[in-house]
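Coordinates as given in model11.txt (compact mmCIF, C-alpha atoms):
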```
# COMPACT_ATOMS: atom_id res chain seq x y z
CA MET H 29 -58.81 -56.08 24.85
CA LEU H 30 -60.70 -53.02 26.03
CA GLU H 31 -60.44 -51.38 22.61
CA ALA H 32 -62.73 -54.13 21.26
CA ILE H 33 -65.54 -53.20 23.66
CA GLU H 34 -68.18 -50.77 22.39
CA ARG H 35 -69.79 -50.28 25.80
CA VAL H 36 -70.30 -51.98 29.14
CA ILE H 37 -73.81 -53.31 29.73
CA PHE H 38 -73.33 -54.82 33.20
CA SER H 39 -70.53 -53.62 35.49
CA PRO H 40 -68.58 -55.93 37.82
CA GLU H 41 -70.51 -54.46 40.76
CA GLU H 42 -73.90 -55.06 39.14
CA ILE H 43 -72.92 -58.62 38.27
CA GLN H 44 -71.68 -59.45 41.77
CA LYS H 45 -74.77 -57.95 43.40
CA ARG H 46 -77.13 -59.94 41.17
CA VAL H 47 -75.14 -63.18 41.50
CA ALA H 48 -75.31 -62.87 45.30
CA GLU H 49 -79.09 -62.34 45.11
CA LEU H 50 -79.51 -65.37 42.85
CA GLY H 51 -77.37 -67.55 45.10
CA ARG H 52 -79.40 -66.65 48.17
CA GLN H 53 -82.70 -67.15 46.31
CA ILE H 54 -81.67 -70.56 44.96
CA ALA H 55 -80.42 -71.71 48.36
CA GLN H 56 -83.68 -70.63 49.99
CA ASP H 57 -85.75 -72.39 47.33
CA TYR H 58 -83.83 -75.64 47.75
CA LYS H 59 -84.03 -75.41 51.54
CA ASN H 60 -87.81 -75.01 51.39
CA SER H 61 -89.24 -76.84 48.43
CA ALA H 62 -86.95 -78.13 45.72
CA ALA H 63 -85.25 -80.99 47.54
CA LYS H 64 -86.96 -84.00 46.02
CA ASP H 65 -84.08 -86.51 46.05
CA PRO H 66 -85.45 -89.53 47.95
CA TYR H 67 -81.93 -90.33 49.19
CA LYS H 68 -81.41 -86.79 50.55
CA ARG H 69 -78.22 -86.27 48.54
CA PRO H 70 -77.15 -82.65 48.17
CA LEU H 71 -78.08 -80.55 45.18
CA LEU H 72 -75.90 -81.22 42.11
CA VAL H 73 -75.01 -77.98 40.32
CA VAL H 74 -74.08 -78.62 36.68
CA GLY H 75 -72.07 -75.94 34.92
CA ILE H 76 -72.04 -75.68 31.14
CA LEU H 77 -68.42 -75.23 30.09
CA LYS H 78 -66.71 -73.01 29.35
CA GLY H 79 -68.78 -69.87 29.63
CA ALA H 80 -70.64 -70.60 32.85
CA MET H 81 -67.51 -71.28 34.92
CA PRO H 82 -66.96 -67.76 36.40
CA PHE H 83 -70.69 -67.30 37.04
CA MET H 84 -71.07 -70.72 38.66
CA ALA H 85 -68.00 -70.24 40.86
CA ASP H 86 -69.37 -66.97 42.22
CA LEU H 87 -72.94 -68.29 42.43
CA ILE H 88 -72.20 -71.34 44.58
CA ARG H 89 -70.23 -69.21 47.05
CA HIS H 90 -73.56 -67.52 47.87
CA MET H 91 -75.49 -70.76 48.30
CA ASP H 92 -75.36 -71.72 51.98
CA ILE H 93 -76.64 -75.24 51.42
CA PRO H 94 -74.87 -78.57 50.91
CA LEU H 95 -74.11 -79.05 47.23
CA GLU H 96 -71.86 -80.85 44.80
CA TYR H 97 -70.92 -79.70 41.35
CA ASP H 98 -69.98 -81.15 38.00
CA PHE H 99 -69.54 -79.90 34.45
CA ILE H 100 -70.76 -80.74 30.98
CA ALA H 101 -69.12 -79.35 27.85
CA VAL H 102 -70.99 -78.92 24.60
CA SER H 103 -70.28 -77.55 21.19
CA SER H 104 -73.15 -75.84 19.47
CA TYR H 105 -71.48 -73.48 17.02
CA ARG H 106 -69.80 -74.49 13.80
CA ASN H 107 -68.55 -71.27 12.24
CA GLY H 108 -68.35 -68.22 14.46
CA THR H 109 -71.84 -67.41 15.71
CA VAL H 110 -74.07 -69.67 13.60
CA PRO H 111 -75.83 -72.34 15.69
CA GLY H 112 -75.18 -75.88 14.58
CA GLU H 113 -75.70 -79.38 15.89
CA VAL H 114 -75.24 -79.72 19.65
CA ARG H 115 -72.43 -82.16 20.48
CA ILE H 116 -71.40 -83.35 23.95
CA LEU H 117 -67.65 -82.87 24.39
CA LYS H 118 -67.54 -83.79 28.10
CA ASP H 119 -70.33 -85.55 29.94
CA LEU H 120 -71.05 -85.59 33.67
CA ASP H 121 -68.75 -87.65 35.87
CA ARG H 122 -71.56 -89.05 38.03
CA ALA H 123 -75.03 -90.53 37.74
CA ILE H 124 -77.90 -88.10 38.29
CA GLY H 125 -80.85 -90.47 38.70
CA GLN H 126 -83.21 -89.26 41.43
CA ARG H 127 -80.99 -86.25 42.22
CA ASP H 128 -81.93 -82.58 42.31
CA ILE H 129 -80.08 -80.92 39.44
CA LEU H 130 -79.49 -77.20 38.81
CA ILE H 131 -78.04 -76.39 35.39
CA VAL H 132 -75.97 -73.21 35.32
CA GLU H 133 -75.62 -71.55 31.92
CA ASP H 134 -73.90 -68.32 30.87
CA ILE H 135 -76.47 -67.23 28.27
CA VAL H 136 -79.67 -68.59 26.79
CA ASP H 137 -79.89 -67.36 23.22
CA THR H 138 -81.74 -69.44 20.59
CA GLY H 139 -82.55 -72.11 23.18
CA HIS H 140 -81.28 -75.01 21.05
CA THR H 141 -78.28 -75.85 23.24
CA LEU H 142 -80.23 -75.70 26.48
CA ARG H 143 -83.09 -77.75 25.03
CA SER H 144 -80.63 -80.45 23.97
CA ILE H 145 -78.98 -80.51 27.41
CA LEU H 146 -82.33 -80.61 29.20
CA ARG H 147 -83.52 -83.52 27.08
CA ARG H 148 -80.29 -85.42 27.65
CA LEU H 149 -80.36 -84.92 31.42
CA ALA H 150 -84.11 -85.49 31.77
CA SER H 151 -83.67 -88.91 30.16
CA ARG H 152 -81.51 -89.88 33.17
CA ASP H 153 -84.46 -89.54 35.57
CA PRO H 154 -83.40 -86.70 37.90
CA ALA H 155 -85.62 -85.92 40.89
CA SER H 156 -85.80 -82.30 39.72
CA LEU H 157 -84.19 -80.30 36.95
CA ARG H 158 -83.97 -76.51 37.08
CA VAL H 159 -82.05 -73.91 35.08
CA CYS H 160 -80.18 -70.78 36.14
CA THR H 161 -78.74 -68.49 33.50
CA LEU H 162 -76.70 -65.36 33.90
CA LEU H 163 -78.14 -63.81 30.73
CA ASP H 164 -81.40 -64.34 28.89
CA LYS H 165 -81.57 -63.13 25.30
CA PRO H 166 -85.26 -63.64 24.40
CA GLN H 167 -85.04 -61.67 21.12
CA ARG H 168 -83.11 -64.57 19.56
CA ARG H 169 -85.18 -67.43 21.00
CA GLU H 170 -86.10 -70.06 18.42
CA VAL H 171 -87.27 -72.77 20.83
CA GLU H 172 -88.90 -72.26 24.19
CA VAL H 173 -87.00 -73.59 27.18
CA PRO H 174 -87.79 -73.34 30.89
CA ILE H 175 -85.58 -70.95 32.83
CA ASP H 176 -86.09 -70.86 36.59
CA TYR H 177 -83.52 -68.22 37.55
CA VAL H 178 -82.32 -65.31 35.39
CA GLY H 179 -79.51 -62.95 36.27
CA PHE H 180 -80.21 -60.33 33.62
CA VAL H 181 -82.35 -60.02 30.51
CA LEU H 182 -80.38 -58.47 27.68
CA PRO H 183 -82.26 -55.31 26.68
CA GLU H 184 -81.25 -55.59 23.01
CA ASN H 185 -79.94 -58.06 20.47
CA VAL H 186 -76.20 -57.40 20.74
CA PHE H 187 -73.16 -59.67 20.87
CA VAL H 188 -71.77 -59.61 24.41
CA VAL H 189 -68.52 -60.81 25.93
CA GLY H 190 -66.91 -60.89 29.35
CA TYR H 191 -67.44 -62.71 32.65
CA GLY H 192 -67.13 -66.06 30.90
CA LEU H 193 -68.76 -65.08 27.60
CA ASP H 194 -66.42 -65.21 24.64
CA TYR H 195 -65.90 -64.57 20.99
CA ALA H 196 -63.45 -67.05 19.44
CA GLU H 197 -62.36 -68.02 22.99
CA LEU H 198 -61.31 -64.42 23.79
CA TYR H 199 -62.66 -61.88 26.32
CA ARG H 200 -63.87 -64.46 28.90
CA ASN H 201 -61.64 -62.89 31.56
CA LEU H 202 -63.18 -59.41 31.44
CA PRO H 203 -64.81 -58.60 34.81
CA PHE H 204 -67.82 -56.96 33.15
CA ILE H 205 -70.25 -57.83 30.35
CA GLY H 206 -69.87 -55.61 27.34
CA VAL H 207 -70.86 -55.28 23.72
CA LEU H 208 -68.21 -56.37 21.26
CA LYS H 209 -67.62 -53.87 18.47
CA PRO H 210 -68.85 -55.24 15.12
CA GLU H 211 -65.49 -54.73 13.44
CA TYR H 212 -63.87 -57.10 15.94
CA ILE H 213 -66.37 -59.82 15.10
CA ARG H 214 -65.63 -59.52 11.42
CA ALA H 215 -61.86 -59.24 11.93
CA SER H 216 -61.74 -62.34 14.13
CA SER H 217 -63.74 -64.52 11.75
CA CYS H 218 -61.61 -63.86 8.64
```
Final structure tokens representation of the file:
Amino acid sequence: MLEAIERVIFSPEEIQKRVAELGRQIAQDYKNSAAKDPYKRPLLVVGILKGAMPFMADLIRHMDIPLEYDFIAVSSYRNGTVPGEVRILKDLDRAIGQRDILIVEDIVDTGHTLRSILRRLASRDPASLRVCTLLDKPQRREVEVPIDYVGFVLPENVFVVGYGLDYAELYRNLPFIGVLKPEYIRASSC
């Protein structure tokens, strides 16, 4: 798999350091001001499958507050890397009305997927709804979406894989985030 990587953008060490910082910051924020659930239920962390799973697993280990977690799975790409209609493949297993919700996403690119998820969850009347993303890719943004916590801003418009991010379901298990060589994108989509 390493032969498909042009270069590493974020090393495993950089990722783990930033994830720990984010986890501590989020925990502090929810201890101090974000807890709005009138029933005092713990924060519900919602991971967007499949890409956010490694990030979310590491993130919650650094959050020293009571929390529960759940997952939602969506499909937003039809052919390769072209955004399409956002479809829910797996919904949440529990009601979220009047709960504090933190959405954990791997990457915010065009914003369409996140906007669709936010609208869907907001319609269920959560007490609060915040977003944490590992990567923000503002160069590709087509719709504005609120992002409360950002791990890294991608410095350029490149296709990245690793640490949960994939191309055609491959490369998710790489411990770093790297740029996929263009010839591997073309070869995989033929």
Exercise. Glu170 in chain H: which residues within 8 Å, counting only C-alpha atoms, same-chain residues fewer than 6 positions away excluded, as JSON, numbers by chain?
Worked result: {"H": [138, 139, 140]}
File of the preceding selection, C-alpha atoms, as an mmCIF file, keeping the file's coordinate frame:
```
data_model
loop_
_atom_site.group_PDB
_atom_site.id
_atom_site.type_symbol
_atom_site.label_atom_id
_atom_site.label_comp_id
_atom_site.auth_asym_id
_atom_site.auth_seq_id
_atom_site.Cartn_x
_atom_site.Cartn_y
_atom_site.Cartn_z
ATOM 1 C CA THR H 138 -81.740 -69.440 20.590
ATOM 2 C CA GLY H 139 -82.550 -72.110 23.180
ATOM 3 C CA HIS H 140 -81.280 -75.010 21.050
#
```
Residue with the minimum atom-to-atom distance to Leu117 in chain H, picked from H:Lys165, H:Lys78, H:Arg89, H:Arg152 with all atoms listed in the file counted, is H:Lys78
When you look at Val36 in chain H with a cut-off of 9 Å (counting all atoms listed in the file), what residues show up, excluding the ones that are within fewer than 6 positions of it in the same chain? I need them as a CSV table (one decimal) with C-alpha atoms, in the frame of the given file.
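And here is the file that came out, part_26.csv:
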```
chain,number,residue,atom,x,y,z
H,204,PHE,CA,-67.8,-57.0,33.2
H,205,ILE,CA,-70.2,-57.8,30.4
H,206,GLY,CA,-69.9,-55.6,27.3
H,207,VAL,CA,-70.9,-55.3,23.7
```
Original post:
Given the choices H:Pro94, H:Pro210, H:Pro174, H:Gly51, which gets closest to Ile145 in chain H if the distance is worked out from only C-alpha atoms?
Top reply: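 Of H:Pro94, H:Pro210, H:Pro174, H:Gly51, the one nearest Ile145 in chain H, counting only C-alpha atoms, is H:Pro174.
Separating CA of Pro203 in chain H from CA of Tyr191 in chain H is a distance of 5.3 Å.
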- Query: In Å, with one decimal, what is the gap from CA of Ala32 in chain H to CA of Leu182 in chain H?
  - Reply: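 Going from CA of Ala32 in chain H over to CA of Leu182 in chain H, I get 19.3 Å.
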message = So, with all atoms listed in the file as the atoms that count, which of H:Leu120, H:Ile135, H:Ile54, H:Met91 lies closest to Gly192 in chain H?
response =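 Ranking H:Leu120, H:Ile135, H:Ile54, H:Met91 by distance to Gly192 in chain H, first place goes to H:Ile135.
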Interatomic distance, CA of Ile33 in chain H to CA of Leu208 in chain H (Å, one decimal):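 Spanning CA of Ile33 in chain H to CA of Leu208 in chain H is a straight-line distance of 4.8 Å.
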| message | I want to know what sits within 10 Å of Met84 in chain H, based on all atoms listed in the file, with residues of the same chain fewer than 6 positions away left out; could you give that as a ChimeraX atom specification? | response | /H:47,51,73-76,97,131-134,160-162,192
Axis-aligned box for range 92-104 of chain H, 3 Å per side, centre and edges in Å as JSON:
```
{"center_x": -72.9, "center_y": -76.4, "center_z": 35.7, "size_x": 13.5, "size_y": 15.4, "size_z": 38.5}
```
### Using only C-alpha atoms: which of H:Val114, H:Ala150, H:Ala155, H:Leu30 has the shortest distance to Arg69 in chain H
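For Arg69 in chain H, the nearest of the candidates is H:Ala155.
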Using all atoms listed in the file, the best pick from H:Ala101, H:Leu142, H:Arg147, H:Phe180 as closest to Lys45 in chain H would be H:Phe180
(Q) Under the rule that only C-alpha atoms are counted, which of H:Ile116, H:Glu197, H:Ile129, H:Ala85 is the nearest residue to Asp153 in chain H? (A)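 Nearest to Asp153 in chain H: H:Ile129.
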